[in-house]
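For reference, coords-v9.tsv (TSV, C-alpha atoms and all ligand atoms):
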```tsv
chain	number	residue	atom	x	y	z
Z	16	MET	CA	97.88	82.56	58.50
Z	17	SER	CA	99.24	85.65	60.23
Z	18	ASN	CA	95.75	87.01	60.84
Z	19	THR	CA	95.05	84.18	63.28
Z	20	LEU	CA	98.37	84.58	65.08
Z	21	LEU	CA	97.36	87.63	67.11
Z	22	PRO	CA	94.29	86.04	68.73
Z	23	GLU	CA	96.35	82.89	69.26
Z	24	ILE	CA	98.94	84.94	71.15
Z	25	THR	CA	96.14	86.44	73.25
Z	26	ASP	CA	94.77	82.95	73.97
Z	27	ALA	CA	98.21	81.60	74.88
Z	28	LEU	CA	98.59	84.31	77.54
Z	29	VAL	CA	95.09	83.69	78.86
Z	30	ALA	CA	95.98	79.98	79.03
Z	31	CYS	CA	99.17	80.96	80.94
Z	32	ASP	CA	101.14	79.04	78.29
Z	33	ALA	CA	104.51	80.79	78.09
Z	34	ALA	CA	106.08	78.40	75.56
Z	35	SER	CA	103.24	78.95	73.07
Z	36	ALA	CA	103.15	82.69	73.69
Z	37	VAL	CA	106.87	82.94	72.87
Z	38	ALA	CA	106.69	80.59	69.86
Z	39	LEU	CA	103.66	82.39	68.41
Z	40	THR	CA	105.32	85.77	68.96
Z	41	GLN	CA	108.36	84.54	67.03
Z	42	GLN	CA	106.07	83.27	64.25
Z	43	ALA	CA	104.22	86.56	64.15
Z	44	LEU	CA	107.50	88.46	63.75
Z	45	ALA	CA	108.66	86.05	61.06
Z	46	SER	CA	105.36	86.52	59.21
Z	47	GLY	CA	106.13	90.23	58.94
Z	48	LEU	CA	103.88	91.63	61.66
Z	49	GLU	CA	105.21	94.78	63.34
Z	50	PRO	CA	106.36	94.33	66.97
Z	51	LEU	CA	104.00	97.09	68.13
Z	52	THR	CA	101.04	95.38	66.45
Z	53	ILE	CA	101.96	92.13	68.18
Z	54	ILE	CA	102.12	93.93	71.52
Z	55	LYS	CA	98.93	95.95	71.10
Z	56	GLN	CA	96.73	93.36	69.40
Z	57	GLY	CA	98.18	90.11	70.73
Z	58	LEU	CA	99.87	90.47	74.10
Z	59	VAL	CA	98.12	93.40	75.78
Z	60	PRO	CA	94.57	92.04	75.19
Z	61	GLY	CA	95.81	88.74	76.68
Z	62	ILE	CA	97.16	90.22	79.89
Z	63	GLU	CA	94.04	92.41	80.13
Z	64	GLN	CA	91.80	89.36	79.95
Z	65	VAL	CA	93.88	87.74	82.67
Z	66	GLY	CA	93.26	90.87	84.79
Z	67	GLU	CA	89.52	90.70	84.11
Z	68	ARG	CA	89.41	87.04	85.12
Z	69	PHE	CA	91.36	87.87	88.28
Z	70	GLN	CA	88.89	90.62	89.08
Z	71	ALA	CA	85.97	88.26	88.46
Z	72	GLY	CA	87.47	85.73	90.88
Z	73	GLU	CA	88.05	83.17	88.10
Z	74	TYR	CA	91.84	83.45	88.25
Z	75	PHE	CA	94.07	83.70	91.30
Z	76	LEU	CA	97.45	85.30	91.88
Z	77	PRO	CA	99.55	82.33	90.63
Z	78	GLN	CA	97.84	82.54	87.22
Z	79	MET	CA	98.48	86.29	87.06
Z	80	VAL	CA	102.16	85.74	87.91
Z	81	ILE	CA	102.55	82.99	85.28
Z	82	ALA	CA	100.75	85.05	82.61
Z	83	ALA	CA	102.89	88.10	83.44
Z	84	LYS	CA	106.06	86.00	83.10
Z	85	ALA	CA	104.82	84.67	79.77
Z	86	MET	CA	104.20	88.24	78.63
Z	87	GLN	CA	107.70	89.28	79.72
Z	88	GLN	CA	109.27	86.38	77.84
Z	89	ALA	CA	107.35	87.30	74.69
Z	90	MET	CA	108.32	90.95	75.17
Z	91	ALA	CA	111.97	89.88	75.38
Z	92	VAL	CA	111.60	88.51	71.83
Z	93	LEU	CA	110.17	91.82	70.62
Z	94	GLU	CA	112.40	94.32	72.42
Z	95	PRO	CA	115.46	93.96	70.14
Z	96	GLU	CA	113.15	94.27	67.13
Z	97	LEU	CA	111.60	97.46	68.51
Z	98	GLN	CA	115.07	98.87	69.05
Z	99	ALA	CA	116.24	97.83	65.60
Z	100	ARG	CA	113.37	99.63	63.87
Z	101	GLN	CA	114.38	103.05	65.15
Z	102	GLN	CA	117.57	104.66	63.98
Z	103	ARG	CA	119.17	106.19	66.97
Z	104	VAL	CA	120.33	109.69	66.20
Z	105	ASP	CA	121.06	112.35	68.80
Z	106	SER	CA	119.61	111.73	72.26
Z	107	ALA	CA	116.09	113.11	72.45
Z	108	GLY	CA	116.62	113.69	76.18
Z	109	VAL	CA	117.57	111.96	79.40
Z	110	VAL	CA	114.76	110.06	81.09
Z	111	VAL	CA	114.48	108.46	84.51
Z	112	ILE	CA	111.62	106.01	84.82
Z	113	GLY	CA	110.32	103.62	87.45
Z	114	THR	CA	107.32	102.13	89.19
Z	115	VAL	CA	106.65	103.95	92.44
Z	116	LYS	CA	107.16	102.67	95.98
Z	117	GLY	CA	104.86	99.84	97.08
Z	118	ASP	CA	104.07	98.80	93.52
Z	119	ILE	CA	105.74	95.88	91.73
Z	120	HIS	CA	103.92	96.06	88.38
Z	121	GLU	CA	106.65	96.08	85.79
Z	122	ILE	CA	105.33	95.22	82.33
Z	123	GLY	CA	103.78	98.57	81.33
Z	124	LYS	CA	106.66	100.60	82.75
Z	125	SER	CA	109.20	98.44	80.91
Z	126	LEU	CA	107.25	98.78	77.69
Z	127	VAL	CA	107.31	102.56	78.05
Z	128	ALA	CA	111.06	102.45	78.84
Z	129	THR	CA	111.72	100.29	75.75
Z	130	MET	CA	109.69	102.56	73.46
Z	131	MET	CA	111.36	105.69	74.84
Z	132	SER	CA	114.77	104.17	74.39
Z	133	ALA	CA	113.86	102.99	70.87
Z	134	SER	CA	112.76	106.56	70.11
Z	135	GLY	CA	116.13	108.04	70.95
Z	136	PHE	CA	115.81	108.92	74.63
Z	137	GLN	CA	118.59	107.95	77.00
Z	138	VAL	CA	116.62	105.94	79.54
Z	139	HIS	CA	117.54	105.06	83.13
Z	140	ASP	CA	115.08	102.43	84.31
Z	141	LEU	CA	115.03	102.22	88.10
Z	142	GLY	CA	112.79	99.14	88.17
Z	143	VAL	CA	109.85	98.68	90.51
Z	144	ASP	CA	109.00	99.62	94.11
Z	145	VAL	CA	111.23	102.68	93.83
Z	146	PRO	CA	111.38	105.06	96.84
Z	147	SER	CA	110.98	108.81	96.13
Z	148	GLN	CA	114.53	109.59	97.20
Z	149	VAL	CA	115.92	107.14	94.64
Z	150	PHE	CA	114.15	109.09	91.88
Z	151	VAL	CA	115.54	112.35	93.28
Z	152	HIS	CA	119.06	110.92	93.48
Z	153	LYS	CA	118.96	109.59	89.91
Z	154	VAL	CA	117.60	112.85	88.50
Z	155	ARG	CA	120.51	114.71	90.13
Z	156	GLU	CA	123.09	112.14	89.08
Z	157	THR	CA	122.00	112.01	85.43
Z	158	ASN	CA	120.82	115.61	85.10
Z	159	ALA	CA	117.60	114.14	83.69
Z	160	ASP	CA	115.19	116.12	81.53
Z	161	LEU	CA	112.16	114.00	82.31
Z	162	VAL	CA	110.87	111.60	84.95
Z	163	GLY	CA	108.26	108.91	84.24
Z	164	LEU	CA	106.29	107.51	87.17
Z	165	SER	CA	104.25	104.34	86.79
Z	166	ALA	CA	101.56	103.23	89.28
Z	167	LEU	CA	99.15	100.34	88.70
Z	168	LEU	CA	97.34	100.35	92.01
Z	169	THR	CA	94.91	102.95	93.32
Z	170	THR	CA	96.79	102.64	96.61
Z	171	THR	CA	100.18	103.53	95.07
Z	172	MET	CA	99.06	106.50	92.97
Z	173	THR	CA	99.69	108.65	96.04
Z	174	ALA	CA	103.36	107.70	95.84
Z	175	GLN	CA	103.48	109.62	92.54
Z	176	ARG	CA	102.55	112.74	94.52
Z	177	GLU	CA	105.27	111.91	97.04
Z	178	VAL	CA	107.90	111.83	94.29
Z	179	LEU	CA	106.74	115.26	93.07
Z	180	ARG	CA	106.99	116.59	96.64
Z	181	ALA	CA	110.44	115.07	97.09
Z	182	LEU	CA	111.62	116.71	93.86
Z	183	GLU	CA	110.25	120.03	95.08
Z	184	GLU	CA	111.83	119.71	98.51
Z	185	SER	CA	115.17	118.96	96.87
Z	186	GLY	CA	114.88	122.12	94.79
Z	187	ILE	CA	115.05	120.32	91.44
Z	188	ARG	CA	111.37	120.15	90.46
Z	189	ASP	CA	111.68	123.03	87.98
Z	190	ARG	CA	114.60	121.32	86.23
Z	191	VAL	CA	112.60	118.26	85.11
Z	192	ARG	CA	109.31	117.41	83.46
Z	193	VAL	CA	107.31	114.76	85.27
Z	194	ILE	CA	104.88	112.47	83.45
Z	195	LEU	CA	102.58	109.85	84.88
Z	196	GLY	CA	101.03	106.61	83.69
Z	197	GLY	CA	99.48	103.32	84.76
Z	198	ALA	CA	95.99	101.87	84.51
Z	199	PRO	CA	94.28	103.79	87.39
Z	200	VAL	CA	96.01	107.11	86.62
Z	201	THR	CA	94.02	109.84	84.84
Z	202	PRO	CA	94.87	113.21	83.29
Z	203	GLU	CA	92.84	114.82	86.11
Z	204	TRP	CA	94.99	113.11	88.73
Z	205	ALA	CA	98.15	114.24	86.93
Z	206	ASP	CA	96.82	117.84	86.90
Z	207	SER	CA	95.73	117.76	90.49
Z	208	ILE	CA	99.17	116.78	91.80
Z	209	GLY	CA	101.06	119.17	89.55
Z	210	ALA	CA	102.60	116.71	87.08
Z	211	ASP	CA	103.41	117.91	83.58
Z	212	GLY	CA	101.44	115.27	81.72
Z	213	TYR	CA	99.81	111.88	81.45
Z	214	ALA	CA	99.81	109.25	78.70
Z	215	ASP	CA	97.80	106.08	78.55
Z	216	ASP	CA	100.22	103.97	76.54
Z	217	ALA	CA	103.83	103.67	75.45
Z	218	VAL	CA	103.37	105.39	72.11
Z	219	GLY	CA	101.54	108.25	73.85
Z	220	ALA	CA	104.38	108.46	76.39
Z	221	VAL	CA	106.91	109.01	73.59
Z	222	GLN	CA	104.74	111.65	71.89
Z	223	LEU	CA	104.10	113.45	75.17
Z	224	SER	CA	107.79	113.44	76.11
Z	225	LYS	CA	108.80	114.79	72.72
Z	226	ARG	CA	106.21	117.54	73.02
Z	227	LEU	CA	107.26	118.46	76.56
Z	228	LEU	CA	110.95	118.56	75.71
Z	229	GLY	CA	110.32	120.52	72.53
S	301	LIG	C1	100.22	91.37	85.55
S	301	LIG	C2	99.58	91.92	86.77
S	301	LIG	C3	100.18	91.67	88.00
S	301	LIG	C4	101.52	90.96	88.13
S	301	LIG	C5	102.66	91.94	87.83
S	301	LIG	C6	103.88	91.23	87.27
S	301	LIG	C7	104.91	92.17	86.73
S	301	LIG	N1	106.15	91.70	86.77
S	301	LIG	O1	104.66	93.27	86.28
S	301	LIG	C8	101.47	90.48	89.63
S	301	LIG	C9	100.87	89.10	89.67
S	301	LIG	C10	102.80	90.46	90.38
S	301	LIG	C11	100.46	91.46	90.22
S	301	LIG	C12	100.35	91.71	91.57
S	301	LIG	C13	99.33	92.45	92.13
S	301	LIG	N2	98.28	93.01	91.48
S	301	LIG	CO1	98.19	93.18	89.55
S	301	LIG	N3	97.74	93.16	87.74
S	301	LIG	C14	98.35	92.68	86.69
S	301	LIG	C15	97.49	92.94	85.44
S	301	LIG	C16	96.75	91.61	85.11
S	301	LIG	C17	98.19	93.40	84.19
S	301	LIG	C18	99.07	94.64	84.35
S	301	LIG	C19	99.86	94.78	83.08
S	301	LIG	O2	101.02	94.36	83.04
S	301	LIG	N4	99.22	95.28	82.01
S	301	LIG	C20	99.81	95.37	80.66
S	301	LIG	C21	100.60	96.66	80.53
S	301	LIG	C22	101.17	96.76	79.11
S	301	LIG	O3	99.69	97.72	80.73
S	301	LIG	P1	99.91	98.83	81.85
S	301	LIG	O4	100.67	98.28	82.99
S	301	LIG	O5	98.61	99.51	82.13
S	301	LIG	O6	100.88	99.89	81.14
S	301	LIG	C23	100.50	100.69	80.04
S	301	LIG	C24	99.88	102.03	80.43
S	301	LIG	O7	99.26	102.03	81.71
S	301	LIG	C25	100.99	103.02	80.30
S	301	LIG	N5	101.92	103.21	81.41
S	301	LIG	C26	102.32	102.36	82.39
S	301	LIG	N6	103.25	102.93	83.14
S	301	LIG	C27	103.49	104.16	82.64
S	301	LIG	C28	104.37	105.16	83.05
S	301	LIG	C29	104.39	106.36	82.36
S	301	LIG	C30	105.33	107.42	82.80
S	301	LIG	C31	103.51	106.57	81.27
S	301	LIG	C32	103.51	107.87	80.57
S	301	LIG	C33	102.63	105.55	80.84
S	301	LIG	C34	102.64	104.37	81.53
S	301	LIG	O8	101.72	102.51	79.21
S	301	LIG	C35	101.81	101.08	79.34
S	301	LIG	C36	102.03	100.47	77.99
S	301	LIG	O9	100.97	100.68	77.11
S	301	LIG	C37	96.53	94.06	85.96
S	301	LIG	C38	95.18	94.17	85.26
S	301	LIG	C39	95.12	95.25	84.21
S	301	LIG	N7	94.24	95.09	83.26
S	301	LIG	O10	95.84	96.25	84.28
S	301	LIG	C40	96.43	93.72	87.45
S	301	LIG	C41	96.09	94.79	88.47
S	301	LIG	C42	96.82	96.10	88.15
S	301	LIG	N8	96.61	94.23	89.72
S	301	LIG	C43	95.84	94.43	90.73
S	301	LIG	C44	96.09	93.98	92.04
S	301	LIG	C45	94.98	94.23	93.06
S	301	LIG	C46	97.30	93.35	92.38
S	301	LIG	C47	97.72	92.87	93.78
S	301	LIG	C48	97.39	93.80	94.95
S	301	LIG	C49	97.13	91.47	93.96
S	301	LIG	C50	97.21	90.86	95.35
S	301	LIG	N9	96.03	90.62	95.89
S	301	LIG	O11	98.27	90.66	95.88
S	301	LIG	C51	99.25	92.68	93.61
S	301	LIG	C52	100.00	93.99	93.97
S	301	LIG	C53	101.44	93.79	94.19
S	301	LIG	C54	102.13	95.15	94.35
S	301	LIG	N10	102.45	95.53	95.56
S	301	LIG	O12	102.36	95.83	93.37
S	301	LIG	C55	94.61	95.25	90.34
S	301	LIG	C56	94.71	96.73	90.77
S	301	LIG	C57	93.41	97.27	91.31
S	301	LIG	C58	93.56	98.71	91.67
S	301	LIG	N11	92.91	99.57	90.91
S	301	LIG	O13	94.24	99.07	92.59
S	301	LIG	C59	94.56	95.00	88.79
S	301	LIG	C60	93.89	96.15	88.01
S	301	LIG	C61	93.80	93.66	88.60
S	301	LIG	C62	92.34	93.74	88.94
S	301	LIG	N12	91.50	93.87	87.94
S	301	LIG	O14	91.95	93.65	90.09
S	301	LIG	N13	99.68	92.01	89.25
```
Write the structure described by the file as structure tokens, please.
Ligand code: B12
Amino acid sequence: MSNTLLPEITDALVACDAASAVALTQQALASGLEPLTIIKQGLVPGIEQVGERFQAGEYFLPQMVIAAKAMQQAMAVLEPELQARQQRVDSAGVVVIGTVKGDIHEIGKSLVATMMSASGFQVHDLGVDVPSQVFVHKVRETNADLVGLSALLTTTMTAQREVLRALEESGIRDRVRVILGGAPVTPEWADSIGADGYADDAVGAVQLSKRLLG
């Protein structure tokens, strides 16, 4: 039974059917599937297929918005379970995370924030479309150890560089590690703008952060 649930979750997202996506996600949890498996093998392939259809001109913006909302509702079912599976001990570090200015893609950034928080980091999620100065202000205010910058558009990747510059100009760049992510971002881009690292998914983001903060 449970082995058909994951493709059914994928199909529900592709069909932009939020009620089914949520119900199937609940069933998958009840059947004993791990929340991360449900995300990686059920939800993410679904939202990726929606993106492919959008790119191919088969889907339009309203479908993407509805599918993204469905994904967020299903994620809301899984988030408490992700949290519950990690025993929070001492804080692994203070993290400020957000999607950069001009970019409103939220799902991947929130997934990273949830995983970091579930892994013991104290996470301050600034949301989406975040100006550079807001990152700088929050790093100062929280004395953060690490900043995570998400960008999903080729046109907003440059805003990641702007945040790095703003941190430098404020004299606090050497106090924090800066990591980047988002579909168009590459390790080469991260290197070229002087970031400390890149990860291509939420689990990688946690591993990278732990490595960077020793
Ligand atoms: C859902 C979606 C939307 C939703 C977002 C809703 C929301 N609340 O988030 C809506 C409909 C609003 C939207 C709008 C737009 N979108 Co859009 N969207 C997508 C879509 C289908 C899925 C993105 C997603 O959520 N993926 C699932 C998550 C889990 O994956 P992820 O975001 O990549 O995150 C993972 C990793 O990248 C990484 N990660 C992410 N952030 C970070 C941060 C750190 C620090 C680290 C370490 C790791 C990390 O870990 C995450 C978890 O594994 C993608 C297609 C795709 N395949 O990516 C297009 C896509 C990103 N969108 C695209 C476009 C063009 C747009 C619009 C310009 C459309 C338009 N014509 O208006 C607007 C832009 C609005 C804006 N100013 O931001 C293009 C971008 C093309 C490009 N290369 O620039 C894509 C690729 C679609 C396409 N194939 O054409 N979009």
Neighbours of Asp26 of chain Z within 10 Å (all atoms listed in the file; same-chain residues fewer than 3 positions away dropped), as a PDB file with C-alpha atoms, in the coordinates of the input?
```pdb
ATOM      1  CA  LEU Z  20      98.370  84.580  65.080  1.00  0.00           C
ATOM      2  CA  LEU Z  21      97.360  87.630  67.110  1.00  0.00           C
ATOM      3  CA  PRO Z  22      94.290  86.040  68.730  1.00  0.00           C
ATOM      4  CA  GLU Z  23      96.350  82.890  69.260  1.00  0.00           C
ATOM      5  CA  VAL Z  29      95.090  83.690  78.860  1.00  0.00           C
ATOM      6  CA  ALA Z  30      95.980  79.980  79.030  1.00  0.00           C
ATOM      7  CA  CYS Z  31      99.170  80.960  80.940  1.00  0.00           C
ATOM      8  CA  ASP Z  32     101.140  79.040  78.290  1.00  0.00           C
ATOM      9  CA  SER Z  35     103.240  78.950  73.070  1.00  0.00           C
ATOM     10  CA  ALA Z  36     103.150  82.690  73.690  1.00  0.00           C
ATOM     11  CA  GLY Z  57      98.180  90.110  70.730  1.00  0.00           C
ATOM     12  CA  LEU Z  58      99.870  90.470  74.100  1.00  0.00           C
ATOM     13  CA  PRO Z  60      94.570  92.040  75.190  1.00  0.00           C
ATOM     14  CA  GLY Z  61      95.810  88.740  76.680  1.00  0.00           C
ATOM     15  CA  ILE Z  62      97.160  90.220  79.890  1.00  0.00           C
ATOM     16  CA  GLN Z  64      91.800  89.360  79.950  1.00  0.00           C
ATOM     17  CA  VAL Z  65      93.880  87.740  82.670  1.00  0.00           C
TER      18      VAL Z  65
END
```
Item to check | Shell of 8 Å around Asp160 of chain Z, only C-alpha atoms, local chain residues under 2 positions omitted, as a PyMOL selection string | outcome: chain Z and resi 108-110+158+162+190-192+228
Item to check | Nearby residues (only C-alpha atoms) at most 6 Å from segment 133-142 of chain Z, same-chain spacing under 2 positions excluded, as an MDAnalysis selection string | outcome: chainID Z and resid 98 101 103 106:113 129:131
Item to check | Atomic separation - atom CA of Val218 of chain Z relative to atom CA of Gly163 of chain Z, Å | outcome: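 One can read the atom CA of Gly163 of chain Z to atom CA of Val218 of chain Z distance as 13.5 Å.
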Checklist entry - Which value, in Å to one decimal, gives the distance between atom CA of Ala33 of chain Z and atom CA of Leu167 of chain Z? => result 22.9 Å
